[in-house]
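Note sheet for the following structure.
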Amino acid sequence: MRNSKLVTLEEAIRKSGLKDGMTISFHHHFRGGDKVVNMVVAKLAEMGFKNLHLAASSLSDVHAPLIEHIKNGVITKISTSGLRGELANEISHGLMKEPVIFRSHGGRGSAIATGDLHIDVAFLGASSADELGNACGYSRSENAKSICGSLGYALPDARYADHVVVITDDLVAYPNVPKSISAADVESVVVVDSVGDSSKISAGAIRDSKNPRDILLAKTAAKVVINSGYFEDGFSIQTGTGGASLAVVKYIRESMLEKGIKASFALGGITAHMVKLHEEGLIGRLIDVQSFDKVAAESIKNDPFHQEVSAVEYASGVHQGSAVHALDIVILSALEVDVNFNVNVLVGSDGIIRGAIGGHQDTAADSALSIIVCPLLRGRIPCVVPKVTTLITPGKSVDVVVTEYGIAVNPGRPEVAERLKAAGLKVVDIHDLAAKATSIIGTPDALPFGDKVVGIVYNRDGKVLDEIKNIVE
Amino acid sequence: MEVKNAVAGTLESGDIMVQIGPGKAGAGLVVDLESSVAAQFGKQIRALITDTLKDLGIDNAEVKATDKGALDCTIRARVTAAAVRATGKDVWK
């Protein structure tokens with residue numbers, strides 16, 4: 001067609017004016033099935049680029065090939081929400097000279113919008129695009145090869161990057177509308193065999209648990225929601241990843257039906273559970289920054305009341321209109337919670353990075369009620385501890401901690417503690433939970449951290465919260 | 001006490017697999033521990049294995065333990081079961 005932006009990946013890179021030392025960006029909507037990061041960075045390495053800053057919305061196990069590109073000097077700086085797998089392990093052991101910058105999803109969105117994180121070239125995978133660059137996380141054509149649903153984390157990149165390359169595995173006729181990414185923001189379109197394996201978007205952190213302890217935790221968390229004072233007609237809710245926090249929705253549904261209560265919206269990572277409640281009429285709107293499974297991805301394609309939002313509209317702390325400001329209840333998981341209600345979702349108890357900040361900081365800070373669901377112990381690893389290994393979400397934004405040994409309520413929320421007690425729930429002091437954990441497992445030895453800073457954790461407001469040191473074997 | 005080769009436990013998460021075999025003369029208890037929580041609990045787990053065996057009267061053996069985050073009660077039970085199988089001496093009667 002006239003004015004087609006269709007080029008090869010190599011042409012797109014040349015056309016972008018990318019130079020050594022610049023910042024490239026990616027989204028992680030294909031999660032464990034992503035093929036774009038490895039494909040583009042391999043091409044950049046082949047073309048001889050060095051010293052690039054890779055700013056992804058998140059990275060996972062599938063990005064282990066980056067280790068070689070880091071060793072070869074192609075990538076020398078990383079900004080992300082999370083790290084998992086072998087890449088995380090190597091970085092935790094000191095692979096990189098520069099520390100990795102960790103931001104929440106809202107923090108990344110606002111950093112891009114305000115210019116704190118300047119992106120030179122964005123490489124954005126899409127499940128459909130036309131020759132001018134209108135792109136989506138799904139395709140309406142018969143040749144659809146992939147689907148990831150919302151492109152919420154890619155939208156700030158598309159809007160604010162100096163140069164945008166859309167990479168798709170399904171080139172469709174113009175105009176590809178309704179669209180997520182607008183052709184007005186796109187400079188080049190590249191067609192490849194595959195941008196991602198859709199079967200893996202629900203892999204990684206997201207599990208639908210059959211574990212009886214997770215079910216007990218989910219049921220308890222549902223009771224907390226129902227008796228919190230925020231469970232009334234028109235309430236809004238978000239659930240994070242992790243078996244128990246996802247399963248809570250199932251048990252809240254029963255109570256919604258029984259009491260005739262409907263939610264105005266569900267926010268965040270949207271799951272099949274949320275879609276089901278929406279289709280039953282129990283949730284009015286779905287506000288989706290990231291589709292957590294194929295059911296959610298199909299729903300955003302077909303249902304106009306299942307709305308895609310950008311990371312900025314979702315969770316920016318700078319933009320007062322972002323959706324987290326209207327959120328009543330959020331249910332989140334944790335690797336560790338300490339006696340001051342501080343939460344760690346990033347660094348494992350062995351000192352190795354194995355998670356992501358995600359929207360944890362954003363939703364905990366701006367919701368009316370934040371509930372953390374975690375077991376007291378995972379194997380021999382304590383989840384309620386005297387002090388978190390790494391500070392991710394400050395305790396002042398965490399209201400309730402649900403464990404199988406009792407529910408701890410932040411002393412700053414006495415009215416919530418009273419409501420839960422009045423409902424007959426077992427409210428305990430968080431110090432007692434930490435002591436209970438220690439009584440079962442003993443006092444752990446200190447982790448063998450070295451002196452090198454391998455990661456810097458930012459709060460959503462752009463201030464440094466904590467540093468992650470290298471781990472020494 | 002004569003010690004034969006014996007094993008107890010599994011490699012499931014939250015369990016520990018304990019293999020016991022005859023030790024070299026005069027070497028005492030040699031514990032080779034591989035644990036997913038070694039950095040934080042390795043010393044505690046090693047001490048528990050040694051103490052449990054000594055309480056059962058075993059002070060010369062080679063132990064290979066592969067731990068997947070087991071609690072003390074589990075470790076004690078698996079070590080005891082392996083020891084009973086290795087010595088033929090039933091401590092539960």
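Residue numbers start at 1 in each chain; chains themselves are named A, B, ... in the order of the structure tokens; ligands are numbered from 1 in the order shown.
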
- Find the residues around B:Gly69 up to 10 Å (only C-alpha atoms counted), leave out those fewer than 4 positions away in its own chain, and share them as an NGL selection string. (:A and (378-381 or 441)) or (:B and (12-16 or 35-38 or 41 or 45 or 74-75))

- as a PyMOL selection string, please: all residues of stretch 118-234 of chain A that backbone DSSP puts in helix (DSSP H, G or I). chain A and resi 152-160+183-185+198-200+212-226

- Distance filter 12 Å, only C-alpha atoms, chain A against chain B, as a ChimeraX atom specification: /A:348-352,377-382,437-449,471-473

- Task: May I have the residues within 10 Å of A:Thr239 as a ChimeraX atom specification, using only C-alpha atoms and disregarding those fewer than 6 positions away in the same chain?
- Result: /A:245-249,266-271,274,329-333,363,371

- Message: To one decimal place in Å, what is the distance between atom CA of B:Ile20 and atom CA of B:Val3?
- Response: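 Calculated distance between atom CA of B:Ile20 and atom CA of B:Val3 is 7.8 Å.
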
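The two atoms in question, atom CA of A:Ala311 and atom CA of A:Pro394, are spaced 20.8 Å apart.
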
- Message: I want to know what sits within 8 Å of stretch 151-166 of chain A, based on only C-alpha atoms, with residues of the same chain fewer than 2 positions away left out; could you give that as a PyMOL selection string?
- Response: chain A and resi 12+16+25-29+57+105+109+112-113+118-126+129+133+135-137+148-149+168+180-181+185-190+288-290+308-312

Keeping only C-alpha atoms, write those residues as a short mmCIF file (atom, residue, chain, number, x, y, z; two decimals), in the first residue's frame.
```cif
data_model
loop_
_atom_site.label_atom_id
_atom_site.label_comp_id
_atom_site.auth_asym_id
_atom_site.auth_seq_id
_atom_site.Cartn_x
_atom_site.Cartn_y
_atom_site.Cartn_z
CA ALA A 12 13.92 -1.05 10.92
CA SER A 16 15.60 4.02 13.76
CA SER A 25 12.39 -1.08 25.17
CA PHE A 26 10.09 -4.11 25.15
CA HIS A 27 6.84 -5.27 26.75
CA HIS A 28 6.28 -8.63 28.44
CA HIS A 29 2.70 -9.42 27.48
CA SER A 57 8.35 -3.95 31.34
CA HIS A 105 4.48 -1.09 36.47
CA GLY A 109 4.77 4.16 33.16
CA ILE A 112 8.45 7.09 30.78
CA ALA A 113 5.76 9.78 30.74
CA HIS A 118 13.75 8.03 28.06
CA ILE A 119 13.29 5.38 25.37
CA ASP A 120 15.13 5.83 22.10
CA VAL A 121 13.71 2.85 20.22
CA ALA A 122 10.77 0.66 21.29
CA PHE A 123 10.39 -2.81 19.78
CA LEU A 124 6.81 -3.80 20.43
CA GLY A 125 5.47 -7.27 19.62
CA ALA A 126 1.84 -7.40 18.45
CA ALA A 129 -0.73 -4.99 12.70
CA GLY A 133 1.38 0.22 12.35
CA ALA A 135 -1.49 -2.91 16.24
CA CYS A 136 -3.23 -5.14 18.80
CA GLY A 137 -2.53 -7.98 21.20
CA CYS A 148 -1.76 -11.85 24.33
CA GLY A 149 -4.74 -9.53 24.89
CA THR A 168 3.93 -8.72 14.27
CA SER A 180 -4.19 -0.70 20.82
CA ILE A 181 -1.12 0.97 19.35
CA ASP A 185 3.03 6.57 16.97
CA VAL A 186 4.72 3.94 14.76
CA GLU A 187 7.71 4.39 12.45
CA SER A 188 8.27 0.83 11.17
CA VAL A 189 6.40 -2.46 10.89
CA VAL A 190 8.24 -5.78 10.78
CA ASP A 288 -7.10 -4.61 31.83
CA VAL A 289 -3.44 -3.63 31.74
CA GLN A 290 -2.36 -7.24 31.21
CA GLU A 308 -7.48 -2.02 27.81
CA VAL A 309 -5.53 0.63 29.76
CA SER A 310 -1.91 1.75 29.59
CA ALA A 311 0.43 1.29 32.56
CA VAL A 312 0.06 5.04 33.17
#
```
